[in-house]
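Have a look at model-v8.pdb below; it lists PDB, C-alpha atoms.
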MODEL        1
ATOM      1  CA  MET A 249       5.181  19.400 -11.061
ATOM      2  CA  PRO A 250       7.462  17.923  -8.377
ATOM      3  CA  ALA A 251       8.505  14.289  -8.763
ATOM      4  CA  VAL A 252       6.507  13.540  -5.607
ATOM      5  CA  SER A 253       3.836  15.806  -4.161
ATOM      6  CA  TYR A 254       2.436  15.604  -0.651
ATOM      7  CA  GLU A 255      -0.871  17.052   0.475
ATOM      8  CA  THR A 256      -3.354  16.446   3.255
ATOM      9  CA  GLN A 257      -7.130  16.356   3.442
ATOM     10  CA  ASP A 258      -8.216  16.364   7.060
ATOM     11  CA  GLU A 259      -6.734  13.142   8.511
ATOM     12  CA  ILE A 260      -5.553  11.760   5.154
ATOM     13  CA  ALA A 261      -2.212  12.237   3.397
ATOM     14  CA  ILE A 262      -2.115  11.962  -0.402
ATOM     15  CA  VAL A 263       1.252  11.126  -1.953
ATOM     16  CA  THR A 264       1.365  11.532  -5.735
ATOM     17  CA  ILE A 265       4.121  10.458  -8.110
ATOM     18  CA  GLY A 266       4.327  13.356 -10.553
ATOM     19  CA  ARG A 267       6.366  12.241 -13.558
ATOM     20  CA  PRO A 268       3.624  11.672 -16.155
ATOM     21  CA  GLU A 269       6.055  12.333 -19.007
ATOM     22  CA  VAL A 270       7.666   8.952 -18.165
ATOM     23  CA  ARG A 271       4.451   7.314 -16.939
ATOM     24  CA  ASN A 272       5.523   8.020 -13.352
ATOM     25  CA  ALA A 273       8.575   5.778 -13.599
ATOM     26  CA  VAL A 274      10.725   6.048 -10.481
ATOM     27  CA  ASP A 275      14.368   7.131 -10.550
ATOM     28  CA  ARG A 276      16.594   7.361  -7.493
ATOM     29  CA  ASP A 277      15.558  10.918  -6.608
ATOM     30  CA  THR A 278      11.877   9.975  -6.863
ATOM     31  CA  ALA A 279      12.411   6.904  -4.683
ATOM     32  CA  GLU A 280      14.060   9.059  -2.028
ATOM     33  CA  ALA A 281      11.244  11.602  -2.236
ATOM     34  CA  LEU A 282       8.669   8.835  -1.704
ATOM     35  CA  VAL A 283      10.506   7.685   1.418
ATOM     36  CA  THR A 284      10.587  11.256   2.734
ATOM     37  CA  ALA A 285       6.855  11.656   2.117
ATOM     38  CA  PHE A 286       5.898   8.491   3.970
ATOM     39  CA  ARG A 287       8.207   9.294   6.865
ATOM     40  CA  GLU A 288       6.458  12.658   7.138
ATOM     41  CA  PHE A 289       3.089  10.895   7.156
ATOM     42  CA  GLU A 290       4.242   8.416   9.790
ATOM     43  CA  ALA A 291       5.549  11.167  12.063
ATOM     44  CA  ASP A 292       2.396  13.329  11.945
ATOM     45  CA  PRO A 293       0.041  12.318  14.778
ATOM     46  CA  ASP A 294      -2.880  14.114  13.118
ATOM     47  CA  LEU A 295      -2.776  11.874  10.033
ATOM     48  CA  LYS A 296      -4.366   8.430  10.092
ATOM     49  CA  VAL A 297      -4.313   7.009   6.547
ATOM     50  CA  ALA A 298      -2.168   7.703   3.472
ATOM     51  CA  ILE A 299      -2.986   7.273  -0.209
ATOM     52  CA  LEU A 300      -0.375   6.614  -2.883
ATOM     53  CA  THR A 301      -1.318   7.500  -6.452
ATOM     54  CA  GLY A 302       0.134   8.741  -9.730
ATOM     55  CA  ALA A 303      -0.470  11.835 -11.846
ATOM     56  CA  GLY A 304      -1.750  11.919 -15.399
ATOM     57  CA  GLY A 305      -3.875   8.776 -15.383
ATOM     58  CA  THR A 306      -1.055   6.313 -14.624
ATOM     59  CA  PHE A 307      -0.086   4.845 -11.267
ATOM     60  CA  CYS A 308       3.529   3.882 -11.961
ATOM     61  CA  ALA A 309       5.386   2.162 -14.816
ATOM     62  CA  GLY A 310       8.145   0.894 -12.530
ATOM     63  CA  ALA A 311      11.797   1.832 -12.356
ATOM     64  CA  ASP A 312      13.020   4.480 -14.792
ATOM     65  CA  LEU A 313      15.059   2.231 -17.099
ATOM     66  CA  LYS A 314      16.282   5.189 -19.136
ATOM     67  CA  ALA A 315      17.760   6.719 -15.988
ATOM     68  CA  ILE A 316      19.477   3.410 -15.251
ATOM     69  CA  THR A 317      21.046   3.297 -18.732
ATOM     70  CA  GLU A 318      22.318   6.826 -18.100
ATOM     71  CA  GLY A 319      24.049   5.681 -14.916
ATOM     72  CA  ARG A 320      21.500   7.028 -12.431
ATOM     73  CA  THR A 321      20.980   3.713 -10.687
ATOM     74  CA  PRO A 322      18.563   3.085  -7.807
ATOM     75  CA  ASN A 323      19.628   1.700  -4.460
ATOM     76  CA  ILE A 324      20.092  -2.038  -5.011
ATOM     77  CA  SER A 325      22.014  -2.900  -1.843
ATOM     78  CA  ASP A 326      20.682  -4.968   1.041
ATOM     79  CA  GLU A 327      20.824  -1.918   3.298
ATOM     80  CA  GLY A 328      18.720   1.208   3.378
ATOM     81  CA  ASP A 329      15.544   1.835   1.461
ATOM     82  CA  GLY A 330      14.230  -0.203  -1.457
ATOM     83  CA  PRO A 331      15.013   0.592  -5.102
ATOM     84  CA  MET A 332      11.468   1.963  -5.503
ATOM     85  CA  GLY A 333      11.653   3.824  -2.208
ATOM     86  CA  PRO A 334       9.346   2.829   0.667
ATOM     87  CA  THR A 335       8.989  -0.875  -0.185
ATOM     88  CA  ARG A 336      11.054  -2.026   2.817
ATOM     89  CA  MET A 337       9.110   0.133   5.262
ATOM     90  CA  LEU A 338       6.458  -1.239   7.626
ATOM     91  CA  LEU A 339       4.529   1.788   8.755
ATOM     92  CA  GLU A 340       2.368   1.899  11.849
ATOM     93  CA  LYS A 341      -0.501   3.389   9.828
ATOM     94  CA  PRO A 342      -2.233   2.055   6.693
ATOM     95  CA  VAL A 343      -1.601   3.097   3.093
ATOM     96  CA  ILE A 344      -4.063   2.716   0.206
ATOM     97  CA  ALA A 345      -3.038   2.621  -3.454
ATOM     98  CA  ALA A 346      -5.332   4.539  -5.827
ATOM     99  CA  VAL A 347      -4.619   3.018  -9.227
ATOM    100  CA  GLU A 348      -5.496   4.421 -12.624
ATOM    101  CA  GLY A 349      -3.833   3.179 -15.790
ATOM    102  CA  HIS A 350      -0.783   0.957 -15.379
ATOM    103  CA  ALA A 351       0.746  -0.338 -12.146
ATOM    104  CA  VAL A 352       3.463  -2.499 -13.636
ATOM    105  CA  ALA A 353       6.937  -3.818 -12.819
ATOM    106  CA  GLY A 354       8.223  -1.841  -9.819
ATOM    107  CA  GLY A 355       4.962   0.117  -9.873
ATOM    108  CA  PHE A 356       3.192  -3.199  -9.298
ATOM    109  CA  GLU A 357       5.476  -3.757  -6.296
ATOM    110  CA  LEU A 358       4.621  -0.302  -4.935
ATOM    111  CA  ALA A 359       0.906  -1.108  -5.219
ATOM    112  CA  VAL A 360       1.407  -4.443  -3.453
ATOM    113  CA  TRP A 361       3.378  -2.685  -0.696
ATOM    114  CA  CYS A 362       0.232  -0.738   0.149
ATOM    115  CA  ASP A 363      -2.256  -2.300   2.564
ATOM    116  CA  LEU A 364      -5.208  -1.982   0.173
ATOM    117  CA  ARG A 365      -5.697  -1.206  -3.507
ATOM    118  CA  VAL A 366      -8.556   0.784  -5.054
ATOM    119  CA  ALA A 367      -8.396   0.571  -8.843
ATOM    120  CA  ALA A 368     -10.301   1.765 -11.871
ATOM    121  CA  ARG A 369     -11.909  -1.064 -13.817
ATOM    122  CA  ASP A 370      -9.584  -0.458 -16.754
ATOM    123  CA  ALA A 371      -6.394  -0.216 -14.663
ATOM    124  CA  THR A 372      -3.727  -2.795 -15.488
ATOM    125  CA  PHE A 373      -1.456  -4.661 -13.088
ATOM    126  CA  GLY A 374       1.439  -6.691 -14.414
ATOM    127  CA  ILE A 375       5.047  -7.744 -14.016
ATOM    128  CA  TYR A 376       5.987  -6.252 -17.359
ATOM    129  CA  CYS A 377       9.669  -6.216 -16.385
ATOM    130  CA  ARG A 378       9.610  -9.965 -17.100
ATOM    131  CA  ARG A 379      10.239  -9.267 -20.784
ATOM    132  CA  PHE A 380      13.323  -7.117 -20.086
ATOM    133  CA  GLY A 381      15.168  -9.264 -17.550
ATOM    134  CA  VAL A 382      14.572  -6.792 -14.731
ATOM    135  CA  PRO A 383      14.093  -8.675 -11.428
ATOM    136  CA  LEU A 384      11.569  -8.101  -8.691
ATOM    137  CA  ILE A 385      13.675  -6.714  -5.833
ATOM    138  CA  ASP A 386      11.098  -4.586  -4.023
ATOM    139  CA  LEU A 387       9.562  -7.643  -2.292
ATOM    140  CA  GLY A 388       7.243  -8.513  -5.162
ATOM    141  CA  THR A 389       8.142 -12.201  -4.953
ATOM    142  CA  VAL A 390       7.472 -12.102  -1.193
ATOM    143  CA  ARG A 391       4.339 -10.003  -0.888
ATOM    144  CA  LEU A 392       2.471 -11.197  -3.967
ATOM    145  CA  PRO A 393       2.289 -14.921  -3.025
ATOM    146  CA  ARG A 394       1.205 -13.963   0.484
ATOM    147  CA  LEU A 395      -1.432 -11.653  -0.927
ATOM    148  CA  ILE A 396      -3.055 -13.798  -3.624
ATOM    149  CA  GLY A 397      -1.602 -17.309  -3.138
ATOM    150  CA  HIS A 398       1.433 -18.951  -4.720
ATOM    151  CA  SER A 399      -0.256 -20.409  -7.796
ATOM    152  CA  ARG A 400      -1.841 -17.137  -8.881
ATOM    153  CA  ALA A 401       1.333 -15.237  -8.039
ATOM    154  CA  LEU A 402       3.389 -17.569 -10.224
ATOM    155  CA  ASP A 403       0.955 -17.042 -13.082
ATOM    156  CA  LEU A 404       1.793 -13.336 -12.975
ATOM    157  CA  ILE A 405       5.488 -13.730 -12.133
ATOM    158  CA  LEU A 406       6.253 -16.283 -14.845
ATOM    159  CA  THR A 407       4.167 -14.878 -17.684
ATOM    160  CA  GLY A 408       4.405 -11.135 -17.084
ATOM    161  CA  ARG A 409       0.825 -10.795 -18.313
ATOM    162  CA  GLY A 410      -1.411  -7.932 -17.298
ATOM    163  CA  VAL A 411      -4.659  -8.254 -15.377
ATOM    164  CA  SER A 412      -7.367  -5.688 -14.781
ATOM    165  CA  GLY A 413     -10.854  -5.172 -13.492
ATOM    166  CA  ASP A 414     -12.867  -8.228 -12.558
ATOM    167  CA  GLU A 415      -9.906 -10.628 -12.725
ATOM    168  CA  ALA A 416      -7.792  -8.458 -10.435
ATOM    169  CA  ILE A 417     -10.500  -8.260  -7.790
ATOM    170  CA  ALA A 418     -11.380 -11.961  -8.118
ATOM    171  CA  MET A 419      -7.804 -12.994  -7.304
ATOM    172  CA  GLY A 420      -7.615 -10.642  -4.325
ATOM    173  CA  LEU A 421      -5.123  -8.303  -5.953
ATOM    174  CA  VAL A 422      -7.574  -5.376  -5.812
ATOM    175  CA  ASN A 423      -9.904  -4.600  -2.917
ATOM    176  CA  ARG A 424     -12.274  -2.083  -4.524
ATOM    177  CA  LEU A 425     -13.109  -1.255  -8.142
ATOM    178  CA  THR A 426     -14.252   2.129  -9.411
ATOM    179  CA  GLU A 427     -15.170   3.546 -12.754
ATOM    180  CA  PRO A 428     -12.269   5.052 -14.752
ATOM    181  CA  GLY A 429     -11.083   8.323 -13.283
ATOM    182  CA  GLU A 430     -12.609   7.671  -9.867
ATOM    183  CA  ALA A 431      -9.911   5.591  -8.123
ATOM    184  CA  LEU A 432      -8.599   8.469  -6.014
ATOM    185  CA  ALA A 433     -12.100   9.459  -4.899
ATOM    186  CA  GLY A 434     -12.795   5.827  -4.012
ATOM    187  CA  ALA A 435      -9.552   5.607  -2.048
ATOM    188  CA  ILE A 436     -10.385   8.794  -0.145
ATOM    189  CA  ASP A 437     -13.792   7.387   0.807
ATOM    190  CA  LEU A 438     -12.164   4.172   2.021
ATOM    191  CA  ALA A 439      -9.508   6.118   3.930
ATOM    192  CA  ARG A 440     -12.184   8.151   5.694
ATOM    193  CA  THR A 441     -13.924   4.954   6.764
ATOM    194  CA  ILE A 442     -10.692   3.592   8.262
ATOM    195  CA  ALA A 443      -9.798   6.924   9.863
ATOM    196  CA  ALA A 444     -13.134   6.962  11.726
ATOM    197  CA  PHE A 445     -12.319   3.820  13.731
ATOM    198  CA  PRO A 446     -10.541   3.718  17.116
ATOM    199  CA  GLN A 447      -6.942   3.959  15.911
ATOM    200  CA  THR A 448      -4.948   2.083  18.570
ATOM    201  CA  CYS A 449      -7.021  -1.073  18.076
ATOM    202  CA  MET A 450      -6.951  -0.856  14.291
ATOM    203  CA  ARG A 451      -3.198  -0.279  14.149
ATOM    204  CA  ASN A 452      -2.375  -3.062  16.620
ATOM    205  CA  ASP A 453      -4.548  -5.575  14.749
ATOM    206  CA  ARG A 454      -3.000  -4.479  11.444
ATOM    207  CA  LEU A 455       0.567  -4.860  12.727
ATOM    208  CA  SER A 456      -0.200  -8.256  14.258
ATOM    209  CA  SER A 457      -1.387  -9.455  10.849
ATOM    210  CA  TYR A 458       1.993  -8.509   9.359
ATOM    211  CA  GLU A 459       4.155  -9.683  12.235
ATOM    212  CA  GLN A 460       2.635 -13.184  12.273
ATOM    213  CA  TRP A 461       4.302 -14.045   8.940
ATOM    214  CA  ASP A 462       7.681 -14.307  10.693
ATOM    215  CA  LEU A 463       6.387 -16.303  13.673
ATOM    216  CA  ASP A 464       5.276 -19.842  14.422
ATOM    217  CA  VAL A 465       1.696 -20.293  15.637
ATOM    218  CA  GLU A 466       2.606 -20.201  19.327
ATOM    219  CA  ALA A 467       4.640 -17.022  18.994
ATOM    220  CA  ALA A 468       2.016 -15.414  16.725
ATOM    221  CA  THR A 469      -0.670 -16.196  19.297
ATOM    222  CA  ALA A 470       1.398 -14.580  22.048
ATOM    223  CA  ASN A 471       2.105 -11.542  19.875
ATOM    224  CA  GLU A 472      -1.583 -11.079  19.037
ATOM    225  CA  LEU A 473      -2.441 -11.234  22.741
ATOM    226  CA  ALA A 474       0.286  -8.731  23.614
ATOM    227  CA  ARG A 475      -0.974  -6.250  21.032
ATOM    228  CA  GLY A 476      -4.552  -6.835  22.162
ATOM    229  CA  LEU A 477      -3.574  -6.107  25.757
ATOM    230  CA  GLN A 478      -1.950  -2.858  24.581
ATOM    231  CA  THR A 479      -5.254  -1.885  23.010
ATOM    232  CA  ILE A 480      -7.244  -2.746  26.128
ATOM    233  CA  ALA A 481      -4.786  -0.814  28.307
ATOM    234  CA  SER A 482      -5.235   2.253  26.108
ATOM    235  CA  GLY A 483      -8.874   2.548  27.177
ATOM    236  CA  GLU A 484     -10.268   2.226  23.669
ATOM    237  CA  THR A 485     -11.946  -1.105  24.371
ATOM    238  CA  ALA A 486     -13.767   0.115  27.485
ATOM    239  CA  GLY A 487     -14.802   3.278  25.685
ATOM    240  CA  GLY A 488     -16.099   1.314  22.719
ATOM    241  CA  ALA A 489     -18.034  -1.071  24.949
ATOM    242  CA  ALA A 490     -19.685   1.895  26.647
ATOM    243  CA  ARG A 491     -20.698   3.430  23.322
ATOM    244  CA  PHE A 492     -22.120   0.120  22.150
ATOM    245  CA  SER A 493     -24.153  -0.263  25.357
ATOM    246  CA  GLU A 494     -25.612   3.161  24.628
ATOM    247  CA  GLY A 495     -26.782   2.001  21.203
ATOM    248  CA  GLU A 496     -24.009   3.111  18.872
ATOM    249  CA  GLY A 497     -23.175   0.849  15.927
ATOM    250  CA  ARG A 498     -25.915  -1.723  16.555
ATOM    251  CA  GLY A 499     -26.594  -4.121  13.695
ATOM    252  CA  GLY A 500     -23.310  -3.257  11.980
ATOM    253  CA  ARG A 501     -24.227   0.405  11.501
ATOM    254  CA  ALA A 502     -21.378   2.830  10.839
ATOM    255  CA  VAL A 503     -19.417   4.412  13.664
ATOM    256  CA  GLY A 504     -21.394   7.259  15.194
ATOM    257  CA  SER A 505     -24.782   5.912  14.117
TER     258      SER A 505
ENDMDL
END
Just dump the structure as structure tokens.
Amino acid sequence: MPAVSYETQDEIAIVTIGRPEVRNAVDRDTAEALVTAFREFEADPDLKVAILTGAGGTFCAGADLKAITEGRTPNISDEGDGPMGPTRMLLEKPVIAAVEGHAVAGGFELAVWCDLRVAARDATFGIYCRRFGVPLIDLGTVRLPRLIGHSRALDLILTGRGVSGDEAIAMGLVNRLTEPGEALAGAIDLARTIAAFPQTCMRNDRLSSYEQWDLDVEAATANELARGLQTIASGETAGGAARFSEGEGRGGRAVGS
């Protein structure tokens, strides 16, 4: 099994970390392979949504500490890609994490890098690196407070405890829960839903939601309007209005109904 495999299903790319013998821990070569996979996804105009998952019933146990002790260190500079690979990338298209088993330490940061998380009820999220003095340097201390709020983020950052199931979804860490073994299928269903929408509008709204973090309210307002005008200029808005006037999607029905 390659360290990272890449496959497509229609308009969806599935990126799988394939190192189950080390619970899908990421060494430098694996991090680079993840970056390559997501760049391939980003560059393919036929693909609309990506899914990141792990082989063998585990999402990712974080950085490969054994590899580090053997001198095979990840990239820890302020330039280039993140130590875990794609964590410094802001793609133009969404990524969904499909989580079975553990998503801990750097694996937790990979899951939080994704736009959405679909997890099995018995999956576990946690900053387990707390007990070993390994810092969060893949934007875990940045993304997690923005995702679930500072108080809840500090609970996880300071204690290193694991959370799963109902608690994870209650705090906003997980977006969808599935039964054990069904996270990937649930993520594929969610990806198909997103892929069915007008893509220019969805992508512009998504990017505006990320870009506003670095802006004051006035600048964020202007940026949202600029992206909205891009969408309108693309023709998607007029086309959608015409379909609605013909009866499509009334009462919140799915696209095409």
8 Å contact set for Glu259 (chain A), only C-alpha atoms, chain neighbours under 5 positions out, as an NGL selection string: :A and (294-297 or 440 or 443)
If you apply the PyMOL selection byres ((chain A and resi 421-436) around 10) to this file, what residues do you get, as a ChimeraX atom specification? /A:257,260-262,297-302,305,343-349,359-360,363-371,373,392,395-396,400-401,411-420,437-442
Tell me which protein, DNA and RNA residues are within 10 Å of Gly410 (chain A), counting all atoms listed in the file, leaving out same-chain ones fewer than 6 positions away, and put them as a compact mmCIF listing (two decimals) with C-alpha atoms, in the coordinates of the input.
# COMPACT_ATOMS: atom_id res chain seq x y z
CA HIS A 350 -0.78 0.96 -15.38
CA ALA A 351 0.75 -0.34 -12.15
CA VAL A 352 3.46 -2.50 -13.64
CA ALA A 371 -6.39 -0.22 -14.66
CA THR A 372 -3.73 -2.80 -15.49
CA PHE A 373 -1.46 -4.66 -13.09
CA GLY A 374 1.44 -6.69 -14.41
CA ILE A 375 5.05 -7.74 -14.02
CA TYR A 376 5.99 -6.25 -17.36
CA LEU A 404 1.79 -13.34 -12.98
CA ALA A 416 -7.79 -8.46 -10.44
Residues matched by the PyMOL selection byres ((chain A and resi 335-339) around 12) as a PyMOL selection string: chain A and resi 279-280+282-284+286-291+296-298+323-334+340-343+354-363+384-388+390-391+451-452+454-459
Å distance separating CA of Tyr254 (chain A) from CA of Cys377 (chain A), one decimal place: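 Between CA of Tyr254 (chain A) and CA of Cys377 (chain A) the gap is 27.9 Å.
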Could you please determine the separation between CA of Met450 (chain A) and CA of Gly397 (chain A) in Å, to one decimal place?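 Rounded to one decimal, the two atoms are 24.6 Å apart.
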Coordinates-based distance that separates CA of Asp292 (chain A) from CA of Ile480 (chain A) (Å, one decimal): 23.5 Å
Edge lengths and centre in Å to one decimal, as lines of an AutoDock Vina configuration file, of the axis-aligned box that encloses all listed atoms of region 315-328 of chain A with 5 Å added on every side?
center_x = 20.9
center_y = 1.0
center_z = -7.7
size_x = 16.3
size_y = 22.0
size_z = 32.1
Ile316 (chain A) environment, 12 Å, all atoms listed in the file, sequence neighbours closer than 4 positions dropped, as a PyMOL selection string: chain A and resi 273-276+310-312+320-324+331+382
In the coordinates of the file, take the point (0.8, 12.4, -5.7) and a cut-off of 6 Å; then, counting all atoms listed in the file, name each qualifying protein, DNA or RNA residue as a list in words. Val252, Ser253, Val263, Thr264, Ile265, Thr301 and Gly302 of chain A
Option closest in space to Thr485 (chain A), from A:Phe307, A:Phe380, A:Trp461, A:Phe445 [counting only C-alpha atoms]: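 Ranked by minimum distance to Thr485 (chain A), first place goes to A:Phe445.
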